[in-house]
file query.csv (CSV, C-alpha atoms)
chain,number,residue,atom,x,y,z
A,1,MET,CA,104.9,91.1,67.3
A,2,ASN,CA,102.6,93.8,68.7
A,3,SER,CA,101.2,94.0,72.2
A,4,ILE,CA,98.7,91.5,73.5
A,5,ASN,CA,95.2,92.9,72.7
A,6,GLY,CA,96.5,96.4,72.7
A,7,LEU,CA,97.0,96.3,76.5
A,8,THR,CA,99.9,97.8,78.4
A,9,ILE,CA,101.3,95.3,80.9
A,10,ALA,CA,103.5,96.0,84.0
A,11,VAL,CA,106.0,93.2,84.3
A,12,PRO,CA,107.9,92.6,87.6
A,13,ARG,CA,111.7,92.4,87.5
A,14,GLY,CA,113.4,89.9,89.9
A,15,ALA,CA,112.3,86.4,90.7
A,16,LEU,CA,108.9,86.6,89.0
A,17,PHE,CA,110.3,88.0,85.8
A,18,ALA,CA,111.2,84.7,84.0
A,19,GLY,CA,107.8,83.1,84.7
A,20,THR,CA,105.9,86.2,83.6
A,21,VAL,CA,107.9,86.5,80.3
A,22,GLU,CA,107.2,82.8,79.7
A,23,VAL,CA,103.5,83.5,80.0
A,24,LEU,CA,103.6,86.4,77.7
A,25,SER,CA,105.6,84.4,75.2
A,26,SER,CA,103.0,81.6,75.4
A,27,LEU,CA,100.3,84.2,74.5
A,28,GLY,CA,102.2,85.0,71.3
A,29,MET,CA,104.2,88.1,72.3
A,30,ASP,CA,107.7,88.6,70.9
A,31,THR,CA,109.7,88.7,74.1
A,32,ASP,CA,113.2,88.5,72.6
A,33,GLU,CA,114.2,92.1,73.5
A,34,LEU,CA,112.5,91.8,76.9
A,35,ARG,CA,114.6,88.8,77.7
A,36,SER,CA,117.9,90.2,76.4
A,37,ASN,CA,117.8,93.8,77.7
A,38,ASP,CA,117.8,93.9,81.5
A,39,ARG,CA,118.5,97.6,81.7
A,40,LYS,CA,115.6,98.9,79.5
A,41,LEU,CA,112.4,99.6,81.4
A,42,LEU,CA,109.9,100.6,78.7
A,43,PHE,CA,109.3,98.4,75.7
A,44,GLU,CA,106.9,100.5,73.6
A,45,ASP,CA,106.5,98.1,70.6
A,46,ILE,CA,105.0,95.4,72.8
A,47,ARG,CA,103.5,97.8,75.4
A,48,VAL,CA,105.4,96.4,78.4
A,49,ILE,CA,106.9,98.3,81.3
A,50,THR,CA,109.2,96.6,83.8
A,51,MET,CA,109.8,97.5,87.4
A,52,ARG,CA,110.1,96.2,91.0
A,53,PRO,CA,107.2,93.9,92.0
A,54,THR,CA,106.3,96.3,94.8
A,55,ASP,CA,105.8,99.1,92.3
A,56,VAL,CA,103.5,97.2,89.9
A,57,PRO,CA,100.3,98.0,91.9
A,58,THR,CA,101.2,101.7,92.0
A,59,TYR,CA,101.6,101.9,88.2
A,60,VAL,CA,98.5,99.9,87.5
A,61,GLU,CA,96.4,101.9,90.0
A,62,ALA,CA,97.6,105.1,88.3
A,63,GLY,CA,96.7,103.8,84.8
A,64,ALA,CA,100.2,103.8,83.5
A,65,ALA,CA,99.5,100.1,82.8
A,66,ASP,CA,96.2,98.4,82.1
A,67,LEU,CA,97.4,95.1,83.7
A,68,GLY,CA,100.3,94.0,85.9
A,69,VAL,CA,101.8,90.9,87.5
A,70,THR,CA,103.0,90.9,91.1
A,71,GLY,CA,103.1,88.6,94.1
A,72,LYS,CA,100.2,88.1,96.4
A,73,ASP,CA,102.6,89.1,99.2
A,74,VAL,CA,102.8,92.6,97.6
A,75,LEU,CA,99.0,92.9,97.3
A,76,LEU,CA,98.4,91.8,100.9
A,77,GLU,CA,101.1,94.2,102.2
A,78,GLN,CA,99.6,97.1,100.2
A,79,ALA,CA,96.0,96.4,101.1
A,80,ALA,CA,94.1,98.6,103.5
A,81,GLN,CA,94.8,97.6,107.1
A,82,ARG,CA,91.5,98.9,108.4
A,83,ALA,CA,88.1,100.1,107.1
A,84,GLY,CA,88.5,103.6,105.6
A,85,GLU,CA,92.3,103.2,105.2
A,86,GLY,CA,93.6,103.6,101.7
A,87,GLY,CA,94.9,100.5,100.0
A,88,ARG,CA,95.8,100.0,96.3
A,89,ASP,CA,92.8,100.4,94.1
A,90,VAL,CA,93.4,97.5,91.7
A,91,TYR,CA,91.4,94.4,90.7
A,92,GLU,CA,93.0,91.0,91.3
A,93,LEU,CA,91.9,89.0,88.2
A,94,LEU,CA,93.8,85.7,88.2
A,95,ASP,CA,96.1,83.5,90.3
A,96,LEU,CA,98.8,82.7,87.8
A,97,GLY,CA,100.1,79.8,89.9
A,98,TYR,CA,103.8,80.3,89.7
A,99,GLY,CA,106.2,81.9,92.1
A,100,ARG,CA,104.8,79.8,95.0
A,101,CYS,CA,106.1,80.9,98.4
A,102,THR,CA,104.7,80.8,101.9
A,103,MET,CA,104.5,83.6,104.4
A,104,VAL,CA,105.6,82.2,107.8
A,105,LEU,CA,106.2,83.1,111.4
A,106,ALA,CA,109.6,81.7,112.4
A,107,SER,CA,111.9,81.7,115.4
A,108,LYS,CA,115.1,80.2,116.7
A,109,ALA,CA,115.1,76.4,117.0
A,110,GLY,CA,114.4,74.9,120.4
A,111,PRO,CA,111.9,76.3,122.9
A,112,ASP,CA,109.9,79.0,121.1
A,113,PRO,CA,111.3,82.4,122.2
A,114,ALA,CA,108.2,84.2,121.0
A,115,HIS,CA,105.9,82.0,123.1
A,116,GLU,CA,108.1,82.5,126.1
A,117,ALA,CA,108.1,86.3,125.6
A,118,LEU,CA,104.3,86.3,125.4
A,119,ARG,CA,104.1,84.2,128.6
A,120,ARG,CA,106.5,86.4,130.6
A,121,LEU,CA,105.9,89.9,129.1
A,122,GLY,CA,102.6,89.7,127.3
A,123,VAL,CA,104.2,91.0,124.1
A,124,MET,CA,106.5,89.6,121.4
A,125,ARG,CA,108.9,91.4,119.1
A,126,VAL,CA,108.7,90.5,115.4
A,127,ALA,CA,111.0,91.6,112.6
A,128,THR,CA,109.7,91.7,109.1
A,129,LYS,CA,109.7,93.3,105.6
A,130,TYR,CA,105.9,92.9,105.7
A,131,PRO,CA,104.7,95.0,108.7
A,132,ARG,CA,101.1,95.1,107.7
A,133,ILE,CA,100.8,91.4,107.0
A,134,ALA,CA,102.6,90.6,110.3
A,135,ALA,CA,100.5,93.0,112.4
A,136,ARG,CA,97.2,91.8,110.8
A,137,HIS,CA,98.0,88.1,111.4
A,138,LEU,CA,99.1,88.6,115.0
A,139,GLU,CA,96.1,90.9,115.8
A,140,GLN,CA,93.7,88.3,114.3
A,141,THR,CA,95.3,85.6,116.4
A,142,GLY,CA,95.0,87.6,119.6
A,143,ARG,CA,98.7,88.3,120.2
A,144,GLN,CA,100.3,91.6,121.1
A,145,ALA,CA,103.4,92.3,119.2
A,146,GLU,CA,106.0,95.0,118.6
A,147,ILE,CA,106.7,95.0,114.9
A,148,VAL,CA,110.2,96.0,113.8
A,149,GLU,CA,110.4,96.7,110.0
A,150,VAL,CA,113.7,95.7,108.4
A,151,LYS,CA,114.8,96.1,104.8
A,152,GLY,CA,117.7,93.6,104.6
A,153,SER,CA,118.3,90.1,105.9
A,154,VAL,CA,115.4,89.6,108.3
A,155,GLU,CA,117.0,86.3,109.6
A,156,LEU,CA,119.7,88.4,111.4
A,157,ALA,CA,117.2,90.0,113.8
A,158,PRO,CA,116.4,87.0,116.0
A,159,LEU,CA,120.0,85.8,115.9
A,160,THR,CA,121.2,89.0,117.6
A,161,GLY,CA,118.4,89.0,120.1
A,162,MET,CA,116.7,92.1,118.7
A,163,VAL,CA,113.4,90.2,118.3
A,164,GLU,CA,112.0,86.8,119.2
A,165,ALA,CA,110.5,86.0,115.8
A,166,ILE,CA,110.3,87.0,112.2
A,167,VAL,CA,107.6,87.0,109.5
A,168,ASP,CA,109.0,86.4,106.0
A,169,LEU,CA,108.5,84.6,102.8
A,170,THR,CA,110.1,81.2,102.3
A,171,ALA,CA,110.2,79.0,99.2
A,172,THR,CA,112.4,76.1,100.3
A,173,GLY,CA,113.2,76.9,103.9
A,174,THR,CA,116.9,76.6,103.2
A,175,THR,CA,117.8,80.1,104.5
A,176,LEU,CA,115.8,79.6,107.6
A,177,ARG,CA,117.6,76.3,108.4
A,178,GLU,CA,121.0,77.7,107.6
A,179,ASN,CA,120.3,80.3,110.3
A,180,ASN,CA,118.9,77.9,112.9
A,181,LEU,CA,115.4,79.2,112.5
A,182,ILE,CA,112.3,77.0,112.2
A,183,VAL,CA,108.8,77.7,110.9
A,184,ARG,CA,106.3,78.0,113.8
A,185,GLU,CA,103.2,79.0,111.7
A,186,GLU,CA,102.3,79.2,108.0
A,187,ILE,CA,100.3,82.4,107.4
A,188,VAL,CA,99.4,82.5,103.7
A,189,THR,CA,100.6,81.0,100.4
A,190,CYS,CA,101.7,83.6,97.9
A,191,THR,CA,101.8,83.2,94.1
A,192,ALA,CA,102.0,85.5,91.1
A,193,ARG,CA,98.7,87.4,90.5
A,194,LEU,CA,97.3,89.3,87.5
A,195,ILE,CA,95.9,92.6,88.4
A,196,ALA,CA,94.0,95.3,86.5
A,197,ASN,CA,93.4,99.0,86.6
A,198,PRO,CA,89.6,99.5,87.5
A,199,VAL,CA,89.0,102.0,84.6
A,200,SER,CA,90.8,99.8,82.1
A,201,HIS,CA,88.8,96.8,83.4
A,202,LYS,CA,85.6,98.6,82.4
A,203,LEU,CA,86.7,100.4,79.2
A,204,LYS,CA,88.8,97.6,77.8
A,205,ALA,CA,86.6,94.7,79.1
A,206,ALA,CA,86.5,92.8,75.9
A,207,ALA,CA,90.3,92.8,75.4
A,208,ILE,CA,90.9,91.8,79.1
A,209,ASP,CA,88.2,89.1,79.0
A,210,ASP,CA,89.9,87.7,75.9
A,211,LEU,CA,93.3,87.7,77.5
A,212,LEU,CA,91.9,85.9,80.6
A,213,ALA,CA,90.3,83.3,78.4
A,214,GLN,CA,93.7,82.8,76.7
A,215,LEU,CA,95.5,82.5,80.0
A,216,ARG,CA,93.0,80.0,81.4
A,217,GLY,CA,93.6,77.9,78.3
A,218,LEU,CA,97.3,77.7,78.8
A,219,PRO,CA,98.8,74.5,80.2
A,220,THR,CA,100.3,75.1,83.6
A,221,THR,CA,103.6,73.9,82.4
A,222,SER,CA,103.8,77.1,80.4
A,223,PHE,CA,104.2,79.0,83.6
A,224,GLY,CA,107.6,79.6,85.2
A,225,ARG,CA,108.6,78.6,88.7
A,226,GLY,CA,110.2,81.8,90.0
A,227,ALA,CA,109.5,82.9,93.5
A,228,PRO,CA,108.5,86.4,94.8
A,229,GLY,CA,111.4,86.3,97.2
A,230,GLY,CA,112.2,85.1,100.7
A,231,ALA,CA,114.2,82.2,102.0
call {"tool": "encode", "arguments": {"input": "query.csv", "output": "structure tokens"}}
result
Amino acid sequence: MNSINGLTIAVPRGALFAGTVEVLSSLGMDTDELRSNDRKLLFEDIRVITMRPTDVPTYVEAGAADLGVTGKDVLLEQAAQRAGEGGRDVYELLDLGYGRCTMVLASKAGPDPAHEALRRLGVMRVATKYPRIAARHLEQTGRQAEIVEVKGSVELAPLTGMVEAIVDLTATGTTLRENNLIVREEIVTCTARLIANPVSHKLKAAAIDDLLAQLRGLPTTSFGRGAPGGA
């Protein structure tokens, strides 16, 4: 089976992979090799390239792919923080609905350590893999925060006393509960999104519009339930 409408699509490896492949299969793409070969990155016959979700906007922006699928968390984190600041130049076309997670502010159970730090010191320390999202949310809600960016298990930071709170994605809340952390605020719901290269969106408008029509016609049960990440 050839590519869908002659378009090159960036597909995220990881938790969104299965759901995305299900969508492509529902559109008529032969995804057998894509499903069976988890080391191959470029599938030229079907015009699919696979990568980390955080890299999808980079490849789409550069024109290496016409379209891509990634989590809303990735798009928010890579968006411009302030006017004049460079964010990813991609178009968000469609909420695909699967991979539902919630970005939350969480802290240790009991009296809120973050609230107490704000009361005593006027500033709270927050660990996160999403420094832009965290900074934007706290700034918009009028709180001063020291943002500590971490790459690994963000839940460890408040347990060791390094910070008073974390900002992270959660799907079920299990990891938070296992580490005696509770959700204090829900910031934003994140799902898989279809994005496009702006030039492709203009030059290949008919093919992209046709694909969008096909996607909107699919039953939601065709979509997978993988999550972008988080606890």
call {"tool": "atom_distance", "arguments": {"input": "query.csv", "atom1": "CA of Asn180 in chain A", "atom2": "CA of Val126 in chain A"}}
result
16.4 Å
call {"tool": "residues_around", "arguments": {"input": "query.csv", "residues": "Leu211 in chain A", "least_positions_apart": "6", "cutoff": "10 Å", "atoms": "all atoms listed in the file", "output": "list in words"}}
result
Ile4, Asn5, Leu7, Leu27, Ala205 and Gly217 of chain A
call {"tool": "closest_residue", "arguments": {"input": "query.csv", "among": "A:Asn197, A:Thr102, A:Thr170, A:Gln214", "to": "Ala65 in chain A", "atoms": "only C-alpha atoms"}}
result
A:Asn197
call {"tool": "residues_around", "arguments": {"input": "query.csv", "residues": "range 145-149 of chain A", "least_positions_apart": "4", "cutoff": "12 Å", "atoms": "only C-alpha atoms", "output": "MDAnalysis selection string"}}
result
chainID A and resid 114:115 117:118 121:141 153:154 157:158 162:168
call {"tool": "atom_distance", "arguments": {"input": "query.csv", "atom1": "CA of Val90 in chain A", "atom2": "CA of Ala10 in chain A"}}
result
12.8 Å
call {"tool": "closest_residue", "arguments": {"input": "query.csv", "among": "A:Ala206, A:Leu215, A:Leu94, A:Ala15", "to": "Ala171 in chain A", "atoms": "all atoms listed in the file"}}
result
A:Ala15
call {"tool": "residues_near_point", "arguments": {"input": "query.csv", "point": "(118.2, 72.6, 116.6)", "cutoff": "10 Å", "atoms": "all atoms listed in the file", "output": "list in words"}}
result
Lys108, Ala109, Gly110, Pro111, Arg177, Asn180, Leu181 and Ile182 of chain A
call {"tool": "closest_residue", "arguments": {"input": "query.csv", "among": "A:Cys190, A:Val11, A:Val104, A:Leu24", "to": "Asp73 in chain A", "atoms": "all atoms listed in the file"}}
result
A:Cys190
call {"tool": "atom_distance", "arguments": {"input": "query.csv", "atom1": "CA of Arg100 in chain A", "atom2": "CA of Gly6 in chain A"}}
result
29.0 Å
call {"tool": "closest_residue", "arguments": {"input": "query.csv", "among": "A:Ile9, A:Leu105, A:Leu34, A:Ala196", "to": "Glu92 in chain A", "atoms": "all atoms listed in the file"}}
result
A:Ala196
call {"tool": "closest_residue", "arguments": {"input": "query.csv", "among": "A:Arg120, A:Arg193, A:Arg216, A:Lys204", "to": "Gly19 in chain A", "atoms": "all atoms listed in the file"}}
result
A:Arg193
call {"tool": "residues_around", "arguments": {"input": "query.csv", "residues": "Pro57 in chain A", "least_positions_apart": "2", "cutoff": "9 Å", "atoms": "all atoms listed in the file", "output": "ChimeraX atom specification"}}
result
/A:10,53-55,59-62,68-70,74-75,78,88-90,195-197
call {"tool": "closest_residue", "arguments": {"input": "query.csv", "among": "A:Leu176, A:Ser3, A:Ala106, A:Asp66", "to": "Tyr91 in chain A", "atoms": "all atoms listed in the file"}}
result
A:Asp66
